[in-house]
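Peer 1: So here's input.tsv (TSV, C-alpha atoms and all ligand atoms).
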```tsv
chain	number	residue	atom	x	y	z
A	1	MET	CA	-27.27	28.39	-1.10
A	2	ILE	CA	-24.23	26.22	-0.62
A	3	LEU	CA	-24.91	22.92	-2.35
A	4	GLU	CA	-25.82	24.63	-5.63
A	5	LEU	CA	-22.31	26.09	-5.79
A	6	LEU	CA	-20.69	22.66	-6.06
A	7	ASN	CA	-19.33	21.54	-9.44
A	8	LYS	CA	-20.24	18.18	-10.92
A	9	PRO	CA	-18.01	15.57	-9.21
A	10	LYS	CA	-15.26	14.05	-11.37
A	11	GLY	CA	-15.56	10.63	-9.75
A	12	ASP	CA	-12.78	8.38	-8.49
A	13	PRO	CA	-11.01	6.67	-11.42
A	14	ILE	CA	-10.67	3.30	-9.63
A	15	LEU	CA	-14.22	3.31	-8.32
A	16	SER	CA	-15.57	4.20	-11.77
A	17	VAL	CA	-13.82	1.12	-13.23
A	18	MET	CA	-15.55	-0.89	-10.50
A	19	SER	CA	-18.96	0.38	-11.55
A	20	ALA	CA	-18.22	-0.15	-15.29
A	21	PHE	CA	-17.35	-3.76	-14.41
A	22	LYS	CA	-20.55	-4.17	-12.45
A	23	ASN	CA	-22.61	-2.91	-15.40
A	24	ASP	CA	-20.88	-5.18	-17.96
A	25	VAL	CA	-23.31	-8.00	-18.83
A	26	SER	CA	-20.65	-10.30	-20.34
A	27	SER	CA	-20.37	-13.60	-18.48
A	28	ALA	CA	-16.66	-13.69	-19.36
A	29	LYS	CA	-15.78	-10.36	-17.73
A	30	ILE	CA	-12.59	-10.23	-15.65
A	31	ASP	CA	-11.89	-7.64	-12.97
A	32	LEU	CA	-8.17	-6.93	-12.62
A	33	GLY	CA	-8.81	-3.40	-11.42
A	34	ILE	CA	-9.30	-2.67	-7.75
A	35	GLY	CA	-6.48	-3.95	-5.51
A	36	ILE	CA	-8.06	-6.84	-3.67
A	37	TYR	CA	-6.78	-10.39	-3.31
A	38	LYS	CA	-8.88	-13.25	-4.67
A	39	ASP	CA	-8.35	-16.94	-3.93
A	40	LYS	CA	-8.51	-19.79	-6.45
A	41	TYR	CA	-12.31	-19.71	-6.25
A	42	GLY	CA	-12.39	-16.04	-7.22
A	43	LYS	CA	-13.44	-15.00	-3.72
A	44	THR	CA	-11.86	-12.47	-1.37
A	45	PRO	CA	-11.89	-14.80	1.62
A	46	ILE	CA	-11.94	-14.08	5.32
A	47	MET	CA	-8.67	-15.59	6.54
A	48	GLN	CA	-9.23	-18.42	9.01
A	49	ALA	CA	-7.04	-16.74	11.65
A	50	VAL	CA	-9.14	-13.59	11.23
A	51	ARG	CA	-12.38	-15.55	11.55
A	52	ASN	CA	-11.15	-17.29	14.70
A	53	ALA	CA	-9.94	-14.06	16.28
A	54	SER	CA	-13.15	-12.30	15.26
A	55	VAL	CA	-15.35	-14.90	16.96
A	56	SER	CA	-13.29	-14.92	20.13
A	57	SER	CA	-13.10	-11.13	20.33
A	58	ALA	CA	-16.87	-10.84	19.81
A	59	VAL	CA	-17.38	-13.26	22.71
A	60	SER	CA	-14.90	-11.59	25.05
A	61	GLU	CA	-15.84	-7.99	24.25
A	62	GLU	CA	-17.43	-6.41	27.30
A	63	SER	CA	-18.40	-2.97	26.12
A	64	LYS	CA	-19.06	-0.83	23.08
A	65	SER	CA	-17.87	2.29	24.85
A	66	TYR	CA	-15.44	4.63	22.98
A	67	ILE	CA	-11.89	3.30	22.60
A	68	GLY	CA	-10.15	6.69	22.78
A	69	LEU	CA	-8.23	8.89	20.36
A	70	VAL	CA	-5.17	6.66	19.99
A	71	GLY	CA	-7.20	3.45	19.59
A	72	ASP	CA	-6.34	0.04	21.02
A	73	GLU	CA	-2.94	0.12	22.74
A	74	HIS	CA	-2.41	-3.66	22.38
A	75	PHE	CA	-2.96	-3.22	18.65
A	76	ASN	CA	-0.62	-0.20	18.53
A	77	THR	CA	2.22	-2.08	20.24
A	78	ALA	CA	1.74	-5.19	18.11
A	79	MET	CA	1.64	-3.20	14.86
A	80	GLN	CA	4.71	-1.21	15.80
A	81	ASP	CA	6.57	-4.49	16.48
A	82	LEU	CA	5.33	-6.00	13.21
A	83	VAL	CA	6.59	-3.07	11.17
A	84	LEU	CA	9.75	-2.09	13.05
A	85	GLY	CA	10.86	-5.53	14.29
A	86	LYS	CA	13.88	-5.19	16.54
A	87	CYS	CA	14.90	-1.73	15.33
A	88	GLU	CA	16.61	0.52	17.84
A	89	ALA	CA	14.33	3.28	16.58
A	90	SER	CA	11.40	1.52	18.33
A	91	LEU	CA	12.60	3.26	21.49
A	92	ARG	CA	11.77	6.64	19.97
A	93	ALA	CA	8.60	5.57	18.12
A	94	SER	CA	4.94	6.02	18.89
A	95	THR	CA	1.94	4.49	17.15
A	96	LEU	CA	-1.68	5.47	16.78
A	97	GLN	CA	-4.47	3.29	15.36
A	98	THR	CA	-6.16	4.79	12.30
A	99	PRO	CA	-9.04	3.96	9.93
A	100	GLY	CA	-6.88	2.06	7.41
A	101	ALA	CA	-3.64	3.30	5.90
A	102	SER	CA	-5.73	6.00	4.22
A	103	GLY	CA	-6.55	7.39	7.66
A	104	ALA	CA	-2.86	7.22	8.61
A	105	LEU	CA	-1.79	8.96	5.40
A	106	ARG	CA	-4.26	11.78	6.01
A	107	LEU	CA	-3.40	12.15	9.68
A	108	LEU	CA	0.33	12.28	8.94
A	109	ALA	CA	-0.31	14.76	6.14
A	110	ASP	CA	-2.26	16.93	8.62
A	111	LEU	CA	0.67	16.62	11.02
A	112	ILE	CA	3.11	17.84	8.36
A	113	LYS	CA	0.78	20.73	7.57
A	114	LEU	CA	0.56	21.61	11.26
A	115	SER	CA	4.30	21.60	11.75
A	116	ARG	CA	5.52	22.94	8.41
A	117	PRO	CA	2.63	24.42	6.41
A	118	GLY	CA	4.79	25.14	3.35
A	119	ALA	CA	6.24	21.62	3.10
A	120	ARG	CA	6.32	19.87	-0.28
A	121	VAL	CA	5.50	16.16	-0.50
A	122	TRP	CA	7.33	14.22	-3.20
A	123	LEU	CA	5.54	11.23	-4.73
A	124	SER	CA	6.97	8.58	-7.03
A	125	ASN	CA	5.88	8.77	-10.66
A	126	PRO	CA	3.67	6.76	-10.76
A	127	SER	CA	2.29	6.28	-7.26
A	128	TYR	CA	-0.83	5.00	-5.50
A	129	ILE	CA	-3.56	7.05	-7.12
A	130	ASN	CA	-4.90	8.34	-3.80
A	131	HIS	CA	-1.56	9.64	-2.46
A	132	ARG	CA	-1.87	12.90	-4.37
A	133	THR	CA	-5.52	13.38	-3.39
A	134	ILE	CA	-4.84	12.80	0.30
A	135	MET	CA	-1.82	15.11	0.41
A	136	GLU	CA	-3.57	17.86	-1.54
A	137	LYS	CA	-6.74	17.64	0.56
A	138	ALA	CA	-4.49	18.24	3.58
A	139	GLY	CA	-3.38	21.44	1.85
A	140	LEU	CA	0.14	20.26	1.00
A	141	GLU	CA	2.01	20.98	-2.20
A	142	VAL	CA	2.67	17.79	-4.16
A	143	CYS	CA	5.65	17.19	-6.48
A	144	GLU	CA	6.80	14.05	-8.27
A	145	TYR	CA	10.16	12.32	-8.50
A	146	PRO	CA	11.05	10.00	-11.40
A	147	TYR	CA	10.61	6.36	-10.47
A	148	LEU	CA	9.57	3.84	-13.07
A	149	ASP	CA	11.45	3.36	-16.32
A	150	LEU	CA	8.53	2.73	-18.67
A	151	GLU	CA	10.72	0.75	-21.04
A	152	THR	CA	12.27	-1.73	-18.58
A	153	LYS	CA	9.46	-1.49	-15.94
A	154	GLN	CA	12.20	-1.28	-13.29
A	155	VAL	CA	13.00	1.60	-10.93
A	156	ASN	CA	15.36	4.12	-12.47
A	157	GLU	CA	17.20	4.72	-9.21
A	158	ALA	CA	19.90	6.91	-10.75
A	159	LEU	CA	17.31	9.34	-12.11
A	160	MET	CA	15.30	9.20	-8.88
A	161	MET	CA	18.37	10.01	-6.76
A	162	LYS	CA	19.17	13.03	-8.92
A	163	VAL	CA	15.96	14.58	-7.58
A	164	VAL	CA	16.26	13.17	-4.05
A	165	GLU	CA	19.72	14.78	-3.82
A	166	THR	CA	18.10	18.21	-4.25
A	167	LEU	CA	15.60	17.82	-1.37
A	168	GLY	CA	16.05	19.73	1.87
A	169	GLU	CA	14.36	20.54	5.16
A	170	ASN	CA	11.13	21.72	3.55
A	171	ASP	CA	10.65	18.43	1.71
A	172	VAL	CA	8.95	15.14	2.50
A	173	LEU	CA	9.92	12.09	0.44
A	174	LEU	CA	7.07	9.58	0.29
A	175	VAL	CA	8.30	6.08	-0.61
A	176	HIS	CA	6.51	2.73	-0.73
A	177	GLY	CA	7.86	0.33	1.92
A	178	CYS	CA	7.42	-2.67	-0.39
A	179	CYS	CA	5.22	-3.99	-3.23
A	180	HIS	CA	5.03	-0.63	-5.00
A	181	ASN	CA	1.54	0.35	-6.10
A	182	PRO	CA	0.95	0.48	-9.06
A	183	SER	CA	4.19	-0.83	-10.58
A	184	GLY	CA	5.34	-3.76	-8.41
A	185	ALA	CA	8.90	-2.43	-8.88
A	186	ASP	CA	10.58	-1.94	-5.50
A	187	LEU	CA	13.62	0.03	-4.36
A	188	SER	CA	16.88	-1.90	-3.99
A	189	PHE	CA	18.49	-2.05	-0.55
A	190	ASP	CA	21.22	0.26	-1.89
A	191	ALA	CA	18.55	2.84	-2.71
A	192	TRP	CA	17.25	2.67	0.87
A	193	LYS	CA	20.81	3.27	2.09
A	194	LYS	CA	21.20	6.22	-0.24
A	195	ILE	CA	17.89	7.76	0.91
A	196	ALA	CA	18.98	7.37	4.55
A	197	GLN	CA	22.32	8.99	3.83
A	198	LEU	CA	20.78	11.90	1.91
A	199	SER	CA	18.11	12.48	4.54
A	200	GLN	CA	20.77	12.58	7.27
A	201	LYS	CA	22.82	15.01	5.22
A	202	ASN	CA	20.12	17.31	3.81
A	203	GLY	CA	17.33	17.03	6.36
A	204	PHE	CA	14.32	15.98	4.27
A	205	LEU	CA	11.70	13.85	6.01
A	206	PRO	CA	11.19	10.25	4.81
A	207	PHE	CA	7.53	9.15	4.82
A	208	ILE	CA	7.09	5.41	4.24
A	209	ASP	CA	3.75	3.96	3.19
A	210	ILE	CA	3.83	0.20	3.77
A	211	ALA	CA	0.43	-1.21	2.83
A	212	TYR	CA	1.47	-4.70	1.65
A	213	GLN	CA	3.89	-6.08	4.26
A	214	GLY	CA	4.13	-9.85	3.85
A	215	LEU	CA	2.82	-9.94	0.28
A	216	GLY	CA	6.23	-9.49	-1.36
A	217	ASP	CA	8.99	-11.77	-0.03
A	218	ASP	CA	7.98	-12.18	3.62
A	219	LEU	CA	7.09	-10.05	6.64
A	220	ASP	CA	10.72	-9.29	7.59
A	221	GLU	CA	12.24	-9.01	4.13
A	222	ASP	CA	9.47	-6.62	3.03
A	223	ALA	CA	10.35	-4.28	5.91
A	224	LYS	CA	14.13	-4.57	5.51
A	225	GLY	CA	14.69	-1.22	3.79
A	226	LEU	CA	12.30	0.57	6.16
A	227	ARG	CA	13.98	-0.93	9.23
A	228	PHE	CA	17.41	0.09	8.01
A	229	LEU	CA	16.30	3.63	7.29
A	230	VAL	CA	14.53	4.31	10.60
A	231	ASP	CA	17.67	3.46	12.55
A	232	GLN	CA	19.73	5.96	10.54
A	233	VAL	CA	17.41	8.95	10.49
A	234	GLN	CA	16.08	11.08	13.35
A	235	GLU	CA	12.55	11.59	12.06
A	236	VAL	CA	10.43	9.24	9.92
A	237	LEU	CA	6.69	8.94	9.30
A	238	ILE	CA	5.10	5.55	8.52
A	239	SER	CA	1.59	4.60	7.43
A	240	THR	CA	0.61	0.95	7.50
A	241	SER	CA	-2.46	-1.09	6.62
A	242	CYS	CA	-4.17	-4.31	7.68
A	243	SER	CA	-6.45	-4.22	4.63
A	244	LYS	CA	-4.40	-6.53	2.43
A	245	ASN	CA	-2.22	-8.72	4.67
A	246	PHE	CA	-5.08	-9.44	7.10
A	247	GLY	CA	-7.79	-9.11	4.43
A	248	LEU	CA	-9.60	-6.60	6.67
A	249	TYR	CA	-10.40	-4.10	3.92
A	250	ARG	CA	-13.84	-2.99	5.11
A	251	GLU	CA	-12.91	-2.98	8.79
A	252	ARG	CA	-10.72	0.09	8.13
A	253	THR	CA	-7.71	-0.96	10.16
A	254	GLY	CA	-4.29	0.66	9.99
A	255	ALA	CA	-1.77	2.68	11.95
A	256	ALA	CA	0.38	5.80	11.86
A	257	ILE	CA	3.86	5.32	13.30
A	258	VAL	CA	6.07	8.27	14.10
A	259	ILE	CA	9.81	8.03	14.73
A	260	ALA	CA	11.11	11.14	16.47
A	261	LYS	CA	14.45	12.30	17.82
A	262	THR	CA	13.55	11.22	21.36
A	263	GLN	CA	10.92	9.04	23.03
A	264	GLU	CA	9.57	12.14	24.73
A	265	LYS	CA	9.07	13.92	21.41
A	266	ALA	CA	7.43	10.84	19.90
A	267	LYS	CA	4.90	10.80	22.75
A	268	GLU	CA	4.22	14.49	22.27
A	269	VAL	CA	3.69	13.99	18.54
A	270	ARG	CA	1.15	11.27	19.27
A	271	ILE	CA	-0.85	13.71	21.37
A	272	HIS	CA	-0.86	16.09	18.38
A	273	MET	CA	-2.06	13.25	16.15
A	274	GLY	CA	-4.84	12.44	18.63
A	275	GLU	CA	-5.94	16.07	18.55
A	276	LEU	CA	-5.92	16.07	14.75
A	277	ALA	CA	-8.02	12.89	14.76
A	278	ARG	CA	-10.42	14.56	17.19
A	279	GLY	CA	-10.97	17.27	14.59
A	280	SER	CA	-12.06	14.76	11.94
A	281	TYR	CA	-13.13	11.14	12.59
A	282	SER	CA	-12.36	11.42	16.33
A	283	MET	CA	-11.77	7.75	17.20
A	284	PRO	CA	-10.98	4.74	15.04
A	285	PRO	CA	-13.32	1.74	14.66
A	286	ALA	CA	-12.64	-1.05	17.16
A	287	HIS	CA	-13.39	-4.41	15.56
A	288	GLY	CA	-10.56	-4.78	13.01
A	289	ALA	CA	-7.92	-3.67	15.50
A	290	ALA	CA	-9.27	-6.10	18.12
A	291	ILE	CA	-8.89	-8.93	15.59
A	292	VAL	CA	-5.34	-7.96	14.63
A	293	SER	CA	-4.34	-7.49	18.24
A	294	LYS	CA	-5.68	-10.94	19.10
A	295	ILE	CA	-3.80	-12.55	16.23
A	296	LEU	CA	-0.47	-10.82	16.81
A	297	ASN	CA	-0.57	-11.44	20.56
A	298	ASP	CA	-1.44	-15.15	20.33
A	299	VAL	CA	1.28	-17.61	19.27
A	300	ILE	CA	-1.09	-20.09	17.60
A	301	LEU	CA	-3.23	-17.51	15.79
A	302	LYS	CA	-0.12	-15.66	14.64
A	303	LYS	CA	1.37	-18.84	13.19
A	304	GLN	CA	-1.92	-19.60	11.44
A	305	TRP	CA	-2.08	-16.08	9.98
A	306	GLU	CA	1.54	-16.23	8.80
A	307	LEU	CA	0.85	-19.53	7.01
A	308	GLU	CA	-2.24	-18.14	5.31
A	309	LEU	CA	-0.33	-15.02	4.28
A	310	LYS	CA	2.41	-17.23	2.84
A	311	GLU	CA	-0.22	-19.13	0.85
A	312	MET	CA	-1.54	-15.86	-0.60
A	313	ARG	CA	1.97	-14.73	-1.49
A	314	GLU	CA	2.77	-18.04	-3.16
A	315	ARG	CA	-0.45	-17.97	-5.14
A	316	ILE	CA	0.42	-14.52	-6.52
A	317	LEU	CA	3.92	-15.73	-7.38
A	318	ALA	CA	2.52	-18.77	-9.20
A	319	LEU	CA	0.26	-16.45	-11.21
A	320	ARG	CA	3.27	-14.29	-12.11
A	321	HIS	CA	5.05	-17.40	-13.41
A	322	ALA	CA	1.98	-18.46	-15.40
A	323	LEU	CA	1.60	-14.99	-16.94
A	324	VAL	CA	5.25	-14.80	-17.99
A	325	GLU	CA	5.16	-18.28	-19.48
A	326	SER	CA	2.01	-17.49	-21.45
A	327	PHE	CA	3.41	-14.13	-22.65
A	328	ARG	CA	6.59	-15.87	-23.79
A	329	ILE	CA	4.66	-18.43	-25.82
A	330	LYS	CA	2.07	-16.06	-27.28
A	331	SER	CA	4.39	-13.12	-28.02
A	332	ASP	CA	7.41	-15.23	-28.90
A	333	SER	CA	9.51	-12.83	-26.84
A	334	ASN	CA	10.67	-12.21	-23.30
A	335	LYS	CA	9.28	-8.67	-23.28
A	336	TYR	CA	7.02	-9.42	-20.32
A	337	ASP	CA	9.59	-11.24	-18.16
A	338	TYR	CA	9.73	-8.15	-15.92
A	339	ILE	CA	6.48	-9.36	-14.31
A	340	LEU	CA	8.54	-11.96	-12.43
A	341	SER	CA	10.87	-9.39	-10.91
A	342	HIS	CA	7.98	-7.38	-9.49
A	343	LYS	CA	6.67	-7.80	-5.93
A	344	GLY	CA	3.23	-7.87	-4.42
A	345	MET	CA	-0.16	-7.70	-6.04
A	346	PHE	CA	0.48	-5.47	-9.06
A	347	SER	CA	2.45	-5.00	-12.26
A	348	MET	CA	2.12	-2.61	-15.18
A	349	THR	CA	0.98	-3.83	-18.60
A	350	GLY	CA	2.37	-0.83	-20.49
A	351	LEU	CA	-0.95	-0.32	-22.33
A	352	SER	CA	-2.04	3.20	-23.29
A	353	ASP	CA	-5.38	4.58	-22.06
A	354	ALA	CA	-6.91	3.90	-25.48
A	355	GLN	CA	-5.65	0.29	-25.49
A	356	MET	CA	-6.96	-0.19	-21.97
A	357	LEU	CA	-10.39	1.05	-23.03
A	358	LYS	CA	-10.31	-1.38	-25.95
A	359	LEU	CA	-9.43	-4.20	-23.55
A	360	GLN	CA	-12.45	-3.22	-21.51
A	361	GLN	CA	-14.88	-2.74	-24.41
A	362	GLU	CA	-13.82	-5.61	-26.68
A	363	HIS	CA	-12.57	-8.19	-24.18
A	364	SER	CA	-14.42	-7.29	-20.95
A	365	ILE	CA	-11.12	-7.18	-19.06
A	366	TYR	CA	-10.85	-4.34	-16.58
A	367	LEU	CA	-7.62	-2.65	-15.42
A	368	VAL	CA	-7.28	0.68	-13.64
A	369	PRO	CA	-5.95	3.93	-15.16
A	370	GLY	CA	-2.22	3.67	-15.76
A	371	ALA	CA	-2.86	0.09	-17.01
A	372	ARG	CA	-2.01	-1.55	-13.71
A	373	ILE	CA	-2.91	-5.22	-13.55
A	374	ASN	CA	-4.02	-6.66	-10.22
A	375	ILE	CA	-2.37	-10.06	-10.51
A	376	ALA	CA	-3.85	-11.03	-7.15
A	377	GLY	CA	-7.31	-10.85	-8.73
A	378	LEU	CA	-6.55	-13.32	-11.54
A	379	GLN	CA	-7.61	-16.98	-11.88
A	380	THR	CA	-5.24	-19.58	-13.35
A	381	ASN	CA	-7.76	-20.51	-16.04
A	382	GLU	CA	-8.01	-16.85	-17.11
A	383	VAL	CA	-4.28	-16.35	-17.71
A	384	ASP	CA	-4.20	-17.33	-21.40
A	385	ARG	CA	-7.24	-15.24	-22.32
A	386	VAL	CA	-5.88	-12.21	-20.47
A	387	VAL	CA	-2.50	-12.56	-22.20
A	388	SER	CA	-4.04	-13.00	-25.69
A	389	SER	CA	-6.32	-10.01	-25.11
A	390	ILE	CA	-3.50	-7.75	-23.89
A	391	LEU	CA	-1.37	-8.73	-26.89
A	392	ALA	CA	-4.31	-8.16	-29.25
A	393	VAL	CA	-4.95	-4.60	-28.03
A	394	ALA	CA	-1.22	-3.81	-27.72
A	395	LYS	CA	-0.66	-4.34	-31.48
A	401	LIG	C1	0.14	2.11	-1.33
A	401	LIG	C2	-1.17	2.16	-0.60
A	401	LIG	N1	-1.28	2.90	0.50
A	401	LIG	C3	-2.42	2.97	1.19
A	401	LIG	C4	-3.55	2.29	0.78
A	401	LIG	C5	-4.83	2.43	1.56
A	401	LIG	O1	-5.09	1.30	2.30
A	401	LIG	P1	-6.30	1.18	3.32
A	401	LIG	O2	-7.32	0.31	2.69
A	401	LIG	O3	-5.71	0.53	4.54
A	401	LIG	O4	-6.80	2.52	3.61
A	401	LIG	C6	-3.49	1.50	-0.36
A	401	LIG	C7	-4.68	0.78	-0.82
A	401	LIG	O5	-4.79	0.27	-1.89
A	401	LIG	C8	-2.26	1.43	-1.07
A	401	LIG	O6	-2.14	0.70	-2.18
```
Translate this structure into structure tokens?

Peer 2:
Amino acid sequence: MILELLNKPKGDPILSVMSAFKNDVSSAKIDLGIGIYKDKYGKTPIMQAVRNASVSSAVSEESKSYIGLVGDEHFNTAMQDLVLGKCEASLRASTLQTPGASGALRLLADLIKLSRPGARVWLSNPSYINHRTIMEKAGLEVCEYPYLDLETKQVNEALMMKVVETLGENDVLLVHGCCHNPSGADLSFDAWKKIAQLSQKNGFLPFIDIAYQGLGDDLDEDAKGLRFLVDQVQEVLISTSCSKNFGLYRERTGAAIVIAKTQEKAKEVRIHMGELARGSYSMPPAHGAAIVSKILNDVILKKQWELELKEMRERILALRHALVESFRIKSDSNKYDYILSHKGMFSMTGLSDAQMLKLQQEHSIYLVPGARINIAGLQTNEVDRVVSSILAVAK
């Protein structure tokens, strides 16, 4: 017997919040848990540029034959350009389409394991909840570096660098490219410079997960630190996602980008990645990548997408302003002003697990473990109730 040997599954903490929300019968329930964007009607819309590209790619598609281990090459080139911009490092980069950023994270973790089985991967404390799972499932040792100052809700870069300074050739430093999940607190440009300098000096491998490009300041600004770093360092791994900025969540669209010492090495590494993919999901799904490729390679569709992305970004920013204003009035303090300095979809509320449960049970407001609030899931008319409820349970 094999199945009988399995323990009871623990369940995914984010997905279990989703099901608790589903089972809540309150008509006033609010889901600020899972990281999806909602528009002013409370819907997660299909972007118009995506809809247009989807229709035209469905019409022009000629075959459902396999697309190959590396995926759609037009998509790969366009994604590499989107992330790296005009970096010199593009000349020694190679890109492979993956099933979402999750697929890229796992593939790159497998690549690390293949090359350096004893490598340690360093994650920010806190980090995206699935980073640890993915790295550990690939058989890698996971360590944490200090990141968020729980008092100020800003990055404690001095403390972080004390650990980064100790890393060497056996270490991989995983950083968020922008819009840190779960905190919203991003690295300063000086911190990116310091990481580049330390990596050059001590030989650790930077691994950048950029899942929210365009949802912070703009597409270029959000990649500024990443683009600086890749030009300074010989080897960098990057995972990127089209789930949030193209709203393609269920289409499982992302990419793994590898920067190597030479173009030749980068090409070789991509063959390794293809072989690793062959040993698991084999080939990525086609539809999402076809849509993204169409958008990024068409001037009009690209402009339309950029405008829609800007609208999403501005809506999140307006919600941040509304939250801070409401917190100021209701708490008679500026304790929550940090929400305005954060980037992207999330911020931290600072609630304990017990307070979060109370928020769920007494107010039908759902956050995820760690008390992250998905600001991008909020409606303007819910702001005051959310603020009053958080303040009530925080007492
Ligand atoms: C930081 C980070 N990386 C990766 C992912 C995974 O994204 P995808 O849906 O493309 O697999 C997420 C999703 O929430 C994320 O927040």

Peer 1: Using all atoms listed in the file, determine which residues lie at most 10 Å from Leu391 (chain A), disregarding the query and same-chain residues fewer than 4 positions distant; provide the list as a PyMOL selection string.

Peer 2: chain A and resi 327+330-331+349+351+359+385-387+395

Peer 1: Using only C-alpha atoms, which of the listed residues (A:Met356, A:Val121, A:Met135, A:Ile365) sits closest to Asp24 (chain A)?

Peer 2: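 Checking each of A:Met356, A:Val121, A:Met135, A:Ile365 against Asp24 (chain A), counting only C-alpha atoms, the winner is A:Ile365.
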
Peer 1: Contacts of Glu221 (chain A) at 12 Å or less, counting only C-alpha atoms, minus same-chain residues fewer than 2 places along, as an mmCIF file with C-alpha atoms, in the coordinates of the input?

Peer 2:
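Listing of result_31.cif after writing:
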```
data_model
loop_
_atom_site.group_PDB
_atom_site.id
_atom_site.type_symbol
_atom_site.label_atom_id
_atom_site.label_comp_id
_atom_site.auth_asym_id
_atom_site.auth_seq_id
_atom_site.Cartn_x
_atom_site.Cartn_y
_atom_site.Cartn_z
ATOM 1 C CA LEU A 82 5.330 -6.000 13.210
ATOM 2 C CA VAL A 83 6.590 -3.070 11.170
ATOM 3 C CA LEU A 84 9.750 -2.090 13.050
ATOM 4 C CA GLY A 85 10.860 -5.530 14.290
ATOM 5 C CA GLY A 177 7.860 0.330 1.920
ATOM 6 C CA CYS A 178 7.420 -2.670 -0.390
ATOM 7 C CA CYS A 179 5.220 -3.990 -3.230
ATOM 8 C CA SER A 188 16.880 -1.900 -3.990
ATOM 9 C CA PHE A 189 18.490 -2.050 -0.550
ATOM 10 C CA TYR A 212 1.470 -4.700 1.650
ATOM 11 C CA GLN A 213 3.890 -6.080 4.260
ATOM 12 C CA GLY A 214 4.130 -9.850 3.850
ATOM 13 C CA LEU A 215 2.820 -9.940 0.280
ATOM 14 C CA GLY A 216 6.230 -9.490 -1.360
ATOM 15 C CA ASP A 217 8.990 -11.770 -0.030
ATOM 16 C CA ASP A 218 7.980 -12.180 3.620
ATOM 17 C CA LEU A 219 7.090 -10.050 6.640
ATOM 18 C CA ALA A 223 10.350 -4.280 5.910
ATOM 19 C CA LYS A 224 14.130 -4.570 5.510
ATOM 20 C CA GLY A 225 14.690 -1.220 3.790
ATOM 21 C CA LEU A 226 12.300 0.570 6.160
ATOM 22 C CA ARG A 227 13.980 -0.930 9.230
ATOM 23 C CA PHE A 228 17.410 0.090 8.010
ATOM 24 C CA LYS A 343 6.670 -7.800 -5.930
#
```

Peer 1: Could you list, as a count of residues only, all protein and nucleic acid residues with an atom at most 6 Å from ligand LIG 401 (chain A), counting all atoms listed in the file?

Peer 2: 13

Peer 1: Quick one: of A:Gln355, A:Gln360, A:Ser347, A:Ser115, who's nearest to Leu148 (chain A), counting all atoms listed in the file?

Peer 2: A:Ser347

Peer 1: Between CA of Pro182 (chain A) and CA of Met348 (chain A), what distance in Å does the model show, to one decimal?

Peer 2: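 So the answer is 7.0 Å.
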
Peer 1: For CA of Gln263 (chain A) and CA of Leu91 (chain A), determine how far apart the two atoms are, in Å to one decimal place.

Peer 2: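 Rounded to one decimal, the two atoms are 6.2 Å apart.
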
Peer 1: Considering all atoms listed in the file, can you say which of A:Glu264, A:Asp298, A:Asp353, A:Glu144 comes closest to Arg92 (chain A)?

Peer 2: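 Among the listed residues, A:Glu264 lies closest to Arg92 (chain A).
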
Peer 1: Go ahead and compute the interatomic distance for CA of Ala78 (chain A) and CA of Gly344 (chain A), in Å to one decimal.

Peer 2: 22.7 Å

Peer 1: Given all atoms listed in the file as the basis, pick out the residue of A:Arg320, A:Arg120, A:Arg270, A:Arg250 nearest to Pro206 (chain A).

Peer 2: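 The closest residue to Pro206 (chain A) is A:Arg120.
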
Peer 1: Taking only C-alpha atoms into account, name the residue in A:Leu140, A:Leu5, A:Ile208, A:Ala49 that is nearest to Asn245 (chain A).

Peer 2: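 Comparing A:Leu140, A:Leu5, A:Ile208, A:Ala49 against Asn245 (chain A), the winner is A:Ala49.
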
Peer 1: When you count only C-alpha atoms, which of these residues is closest to Gly184 (chain A): A:Arg116, A:Arg372, A:Lys244, A:His342?

Peer 2: A:His342

Peer 1: If you count only C-alpha atoms, which residues fall within 8 Å of Tyr338 (chain A), apart from same-chain ones fewer than 5 positions away, as number ranges by chain?

Peer 2: A: 152-154

Peer 1: Near Leu229 (chain A), within 8 Å and counting all atoms listed in the file, which residues show up once chain neighbours fewer than 2 positions away are dropped, as a list in words?

Peer 2: Trp192, Lys193, Ile195, Ala196, Gly225, Leu226, Arg227, Asp231, Gln232 and Val233 of chain A

Peer 1: Using all atoms listed in the file, which protein or nucleic acid residues come within 12 Å of region 323-326 of chain A? Drop anything in the same chain fewer than 6 positions from it, and give the result as a ChimeraX atom specification.

Peer 2: /A:316-317,332-342,347,349,373,375-376,378-391

Peer 1: Please check which residues have atoms at most 12 Å from (-15.7, 3.2, -10.7) in the file's coordinates, counting only C-alpha atoms, and write them as an NGL selection string.

Peer 2: :A and (10-23 or 31 or 33-34 or 366-369)

Peer 1: Edge lengths and centre in Å to one decimal, as lines of an AutoDock Vina configuration file, of the axis-aligned box that encloses all listed atoms of region 369-386 of chain A with 4 Å added on every side?

Peer 2:
```
center_x = -5.0
center_y = -8.3
center_z = -14.7
size_x = 14.0
size_y = 32.4
size_z = 23.2
```
